[in-house]
Amino acid sequence: MAKFRQVHTTFWQDDFVLDLTPEEKYFYVYLMTNSKTTQCGIYTLPTRVIEMESGYNRETVEKLLKRFVEYGKILYNKDTKEIFMIKWSKYNYINSPKVLKCITKELNEVKHKPFVHQYLEQVKAYGYPTDTVSIDYGEEEEEEKEKKNNNIVAFASSVVQYLNQKTGKNFKSTTKRTKSLIKARYEEGFTEEDFKRVIDNKVTAWKGDAKMDGYLRPETLFSTKFEGYLNENSGLVGAGATKPGNSGIDWDKI
């Protein structure tokens, strides 16, 4: 579908626009007419593209994006680099089968699914028809994410409980730093047995030592040295060694 973006002549008499600085007016028009805009008003626009097309430097771009978020005109997701023109559908909705098909396709390509939900709530409020049956709301993705988070929570709880049993201490699995470290090692593929082996290795080496006992803590045990601690006294040395918990995998070939 050809891309033509219309700006009504009354735009310049709008109360909001009249109060904008020249810099803000230019940026607002850019947000509505740039090369990445879509029929649904949700589109991917990295800041480096804004810099290149608008001529503004990074600091100015970030300042203007933040300002228009505060004005309630856009939403911007930094992770996906997507912009949601909040009232775009109110002024740019076209009720034709061809356009509706285009909008459905665009909404299915939106990465940040909360934007899709907000868009559909808007068009519903305006009384516009939309093919909601064909739109991916990201529910499966959210369910998978929730399932993964629950798994990590249970995993961290079991690991910390074992650490407390072996050390006689009282660490919490809900501490932000502890959760972050365990999650990082979990996502690297280490198993619960790997964590227990590291704990056992270091409890054997450090417990009872006045100088080292204090290092029997999540921040030390589950840090980036985790794999080294895991392989201590395990006899796994040299090329072709297999990683505990993953027997039979030649890690030098991966």
# chains A, B, ... in the order shown; residues from 1 in each chain; ligands from 1
>>> residues_around(residues="range 150-154 of chain A", least_positions_apart="2", cutoff="10 Å", atoms="only C-alpha atoms", output="NGL selection string")
:A and (144-148 or 156-159 or 173-174 or 179 or 182-183 or 186-187)
>>> residues_around(residues="range 210-220 of chain A", least_positions_apart="2", cutoff="12 Å", atoms="only C-alpha atoms", output="PyMOL selection string")
chain A and resi 156+159-183+185+195+198-208+222-226+228-229
>>> write_last_selection(atoms="C-alpha atoms", output="CSV table (one decimal), in the first residue's frame")
chain,number,residue,atom,x,y,z
A,156,ALA,CA,16.1,-20.1,42.8
A,159,VAL,CA,19.0,-23.6,45.3
A,160,VAL,CA,19.0,-21.0,48.1
A,161,GLN,CA,17.3,-23.5,50.4
A,162,TYR,CA,20.1,-26.0,49.8
A,163,LEU,CA,22.7,-23.3,50.3
A,164,ASN,CA,21.2,-22.4,53.7
A,165,GLN,CA,21.1,-26.1,54.7
A,166,LYS,CA,24.7,-26.5,53.9
A,167,THR,CA,26.0,-23.3,55.4
A,168,GLY,CA,23.6,-22.7,58.3
A,169,LYS,CA,22.9,-19.3,57.0
A,170,ASN,CA,19.6,-17.6,56.1
A,171,PHE,CA,19.8,-16.1,52.6
A,172,LYS,CA,16.6,-15.2,50.7
A,173,SER,CA,15.9,-16.3,47.2
A,174,THR,CA,13.8,-13.2,46.6
A,175,THR,CA,16.7,-10.8,47.0
A,176,LYS,CA,17.1,-8.9,43.7
A,177,ARG,CA,20.8,-9.6,43.4
A,178,THR,CA,20.5,-13.3,44.3
A,179,LYS,CA,17.7,-13.8,41.8
A,180,SER,CA,19.7,-12.0,39.1
A,181,LEU,CA,22.7,-14.2,39.6
A,182,ILE,CA,20.8,-17.5,39.7
A,183,LYS,CA,18.8,-16.5,36.6
A,185,ARG,CA,23.5,-19.1,35.4
A,195,PHE,CA,24.4,-25.4,41.7
A,198,VAL,CA,29.2,-25.7,43.5
A,199,ILE,CA,27.8,-25.3,47.0
A,200,ASP,CA,29.2,-28.6,48.1
A,201,ASN,CA,32.6,-27.8,46.6
A,202,LYS,CA,33.0,-24.5,48.3
A,203,VAL,CA,31.4,-25.6,51.6
A,204,THR,CA,34.1,-28.3,51.7
A,205,ALA,CA,36.8,-25.8,50.9
A,206,TRP,CA,35.7,-22.8,53.0
A,207,LYS,CA,33.3,-23.7,55.8
A,208,GLY,CA,35.0,-23.4,59.2
A,222,PHE,CA,26.9,-17.8,41.7
A,223,SER,CA,29.0,-15.2,40.0
A,224,THR,CA,30.8,-15.4,36.6
A,225,LYS,CA,33.3,-17.8,38.4
A,226,PHE,CA,30.5,-20.4,38.8
A,228,GLY,CA,35.3,-22.7,37.6
A,229,TYR,CA,33.8,-23.6,41.0
>>> select_by_dssp(residues="range 110-233 of chain A", states="helix (DSSP H, G or I)", output="PDB file with C-alpha atoms, in the first residue's frame")
ATOM      1  CA  LYS A 113       1.828  -6.355  22.487  1.00  0.00           C
ATOM      2  CA  PRO A 114       0.467  -3.893  25.105  1.00  0.00           C
ATOM      3  CA  PHE A 115       0.423  -1.326  22.267  1.00  0.00           C
ATOM      4  CA  VAL A 116      -1.898  -3.650  20.307  1.00  0.00           C
ATOM      5  CA  HIS A 117      -4.264  -3.936  23.267  1.00  0.00           C
ATOM      6  CA  GLN A 118      -4.354  -0.137  23.681  1.00  0.00           C
ATOM      7  CA  TYR A 119      -4.962   0.386  19.975  1.00  0.00           C
ATOM      8  CA  LEU A 120      -7.893  -2.047  19.909  1.00  0.00           C
ATOM      9  CA  GLU A 121      -9.433  -0.432  22.985  1.00  0.00           C
ATOM     10  CA  GLN A 122      -9.241   2.925  21.203  1.00  0.00           C
ATOM     11  CA  VAL A 123     -10.867   1.842  17.936  1.00  0.00           C
ATOM     12  CA  LYS A 124     -13.537   0.041  19.930  1.00  0.00           C
ATOM     13  CA  ALA A 125     -14.279   3.276  21.808  1.00  0.00           C
ATOM     14  CA  TYR A 126     -14.448   5.167  18.512  1.00  0.00           C
ATOM     15  CA  THR A 132      -9.844  -8.864  16.183  1.00  0.00           C
ATOM     16  CA  VAL A 133     -10.044 -12.601  15.429  1.00  0.00           C
ATOM     17  CA  SER A 134      -6.977 -12.465  13.177  1.00  0.00           C
ATOM     18  CA  GLU A 139      -1.134 -14.148  24.884  1.00  0.00           C
ATOM     19  CA  GLU A 140       0.879 -17.301  24.164  1.00  0.00           C
ATOM     20  CA  GLU A 141       4.102 -15.333  24.449  1.00  0.00           C
ATOM     21  CA  GLU A 142       2.982 -13.836  27.766  1.00  0.00           C
ATOM     22  CA  GLU A 143       1.954 -17.244  29.095  1.00  0.00           C
ATOM     23  CA  GLU A 144       5.321 -18.691  28.101  1.00  0.00           C
ATOM     24  CA  LYS A 145       7.117 -15.793  29.773  1.00  0.00           C
ATOM     25  CA  GLU A 146       5.085 -16.234  32.967  1.00  0.00           C
ATOM     26  CA  LYS A 147       5.771 -19.964  32.956  1.00  0.00           C
ATOM     27  CA  LYS A 148       9.499 -19.319  32.573  1.00  0.00           C
ATOM     28  CA  ASN A 149       9.492 -16.760  35.400  1.00  0.00           C
ATOM     29  CA  ASN A 150       7.668 -19.207  37.676  1.00  0.00           C
ATOM     30  CA  ASN A 151      10.220 -21.895  36.843  1.00  0.00           C
ATOM     31  CA  ILE A 152      13.099 -19.567  37.704  1.00  0.00           C
ATOM     32  CA  VAL A 153      11.449 -18.542  40.995  1.00  0.00           C
ATOM     33  CA  ALA A 154      11.027 -22.192  42.016  1.00  0.00           C
ATOM     34  CA  PHE A 155      14.559 -22.988  40.839  1.00  0.00           C
ATOM     35  CA  ALA A 156      16.082 -20.112  42.841  1.00  0.00           C
ATOM     36  CA  SER A 157      14.080 -21.061  45.941  1.00  0.00           C
ATOM     37  CA  SER A 158      15.370 -24.654  45.813  1.00  0.00           C
ATOM     38  CA  VAL A 159      18.992 -23.555  45.265  1.00  0.00           C
ATOM     39  CA  VAL A 160      18.993 -21.035  48.115  1.00  0.00           C
ATOM     40  CA  GLN A 161      17.278 -23.489  50.443  1.00  0.00           C
ATOM     41  CA  TYR A 162      20.070 -25.988  49.760  1.00  0.00           C
ATOM     42  CA  LEU A 163      22.708 -23.293  50.321  1.00  0.00           C
ATOM     43  CA  ASN A 164      21.159 -22.410  53.691  1.00  0.00           C
ATOM     44  CA  GLN A 165      21.063 -26.071  54.728  1.00  0.00           C
ATOM     45  CA  LYS A 166      24.727 -26.546  53.929  1.00  0.00           C
ATOM     46  CA  THR A 167      26.001 -23.290  55.407  1.00  0.00           C
ATOM     47  CA  LYS A 176      17.111  -8.899  43.676  1.00  0.00           C
ATOM     48  CA  ARG A 177      20.848  -9.583  43.388  1.00  0.00           C
ATOM     49  CA  THR A 178      20.493 -13.268  44.261  1.00  0.00           C
ATOM     50  CA  LYS A 179      17.653 -13.774  41.772  1.00  0.00           C
ATOM     51  CA  SER A 180      19.664 -12.017  39.074  1.00  0.00           C
ATOM     52  CA  LEU A 181      22.744 -14.220  39.574  1.00  0.00           C
ATOM     53  CA  ILE A 182      20.811 -17.481  39.673  1.00  0.00           C
ATOM     54  CA  LYS A 183      18.772 -16.473  36.617  1.00  0.00           C
ATOM     55  CA  ALA A 184      21.941 -15.642  34.677  1.00  0.00           C
ATOM     56  CA  ARG A 185      23.480 -19.067  35.368  1.00  0.00           C
ATOM     57  CA  TYR A 186      20.122 -20.794  34.736  1.00  0.00           C
ATOM     58  CA  GLU A 187      19.882 -19.167  31.307  1.00  0.00           C
ATOM     59  CA  GLU A 192      20.091 -27.478  39.886  1.00  0.00           C
ATOM     60  CA  GLU A 193      22.598 -30.294  40.363  1.00  0.00           C
ATOM     61  CA  ASP A 194      25.327 -27.958  39.085  1.00  0.00           C
ATOM     62  CA  PHE A 195      24.389 -25.391  41.729  1.00  0.00           C
ATOM     63  CA  LYS A 196      24.415 -28.034  44.443  1.00  0.00           C
ATOM     64  CA  ARG A 197      27.828 -29.245  43.325  1.00  0.00           C
ATOM     65  CA  VAL A 198      29.250 -25.709  43.468  1.00  0.00           C
ATOM     66  CA  ILE A 199      27.796 -25.280  46.963  1.00  0.00           C
ATOM     67  CA  ASP A 200      29.214 -28.624  48.078  1.00  0.00           C
ATOM     68  CA  ASN A 201      32.642 -27.846  46.581  1.00  0.00           C
ATOM     69  CA  LYS A 202      32.953 -24.485  48.298  1.00  0.00           C
ATOM     70  CA  VAL A 203      31.410 -25.616  51.601  1.00  0.00           C
ATOM     71  CA  THR A 204      34.057 -28.349  51.722  1.00  0.00           C
ATOM     72  CA  ALA A 205      36.805 -25.834  50.928  1.00  0.00           C
ATOM     73  CA  TRP A 206      35.690 -22.810  52.954  1.00  0.00           C
ATOM     74  CA  ASP A 213      33.444 -18.680  55.455  1.00  0.00           C
ATOM     75  CA  GLY A 214      32.058 -15.223  54.713  1.00  0.00           C
ATOM     76  CA  TYR A 215      32.344 -15.947  50.994  1.00  0.00           C
ATOM     77  CA  PRO A 218      25.178 -16.185  46.538  1.00  0.00           C
ATOM     78  CA  GLU A 219      27.135 -13.145  45.352  1.00  0.00           C
ATOM     79  CA  THR A 220      30.375 -15.162  45.379  1.00  0.00           C
ATOM     80  CA  LEU A 221      29.215 -18.680  44.546  1.00  0.00           C
ATOM     81  CA  PHE A 226      30.513 -20.351  38.750  1.00  0.00           C
ATOM     82  CA  GLU A 227      31.805 -22.757  36.081  1.00  0.00           C
ATOM     83  CA  GLY A 228      35.281 -22.739  37.616  1.00  0.00           C
ATOM     84  CA  TYR A 229      33.847 -23.582  41.034  1.00  0.00           C
ATOM     85  CA  LEU A 230      31.744 -26.310  39.423  1.00  0.00           C
TER      86      LEU A 230
END
>>> select_by_dssp(residues="range 38-164 of chain A", states="strand (DSSP E or B)", output="list in words")
Ile42, Tyr43, Thr44, Ile74, Leu75, Tyr76, Asn77, Glu82, Ile83, Phe84 and Met85 of chain A
>>> write_last_selection(atoms="C-alpha atoms", output="PDB file, in the first residue's frame")
ATOM      1  CA  ILE A  42       2.415   1.921  15.667  1.00  0.00           C
ATOM      2  CA  TYR A  43       5.810   1.606  14.067  1.00  0.00           C
ATOM      3  CA  THR A  44       9.461   0.831  14.711  1.00  0.00           C
ATOM      4  CA  ILE A  74       3.024   9.126  21.950  1.00  0.00           C
ATOM      5  CA  LEU A  75       4.258   6.078  23.787  1.00  0.00           C
ATOM      6  CA  TYR A  76       7.771   4.777  23.143  1.00  0.00           C
ATOM      7  CA  ASN A  77       9.105   1.343  24.006  1.00  0.00           C
ATOM      8  CA  GLU A  82       8.436   1.168  18.712  1.00  0.00           C
ATOM      9  CA  ILE A  83       6.366   4.345  18.740  1.00  0.00           C
ATOM     10  CA  PHE A  84       2.623   4.386  19.334  1.00  0.00           C
ATOM     11  CA  MET A  85       0.913   7.555  18.064  1.00  0.00           C
TER      12      MET A  85
END
>>> atom_distance(atom1="CA of Gly41 in chain A", atom2="CA of Asn57 in chain A")
24.2 Å
>>> residues_around(residues="range 26-32 of chain A", least_positions_apart="6", cutoff="10 Å", atoms="only C-alpha atoms", output="number ranges by chain")
A: 5-7, 11, 17, 20, 38, 41, 45, 50, 53-54, 56, 61, 64-65, 68, 73-74, 83-85, 88
>>> closest_residue(among="A:Phe16, A:Thr9, A:Leu107, A:Glu23", to="Gly72 in chain A", atoms="only C-alpha atoms")
A:Phe16
>>> closest_residue(among="A:Thr37, A:Asn92, A:Asn231, A:Thr80", to="Glu106 in chain A", atoms="only C-alpha atoms")
A:Thr37
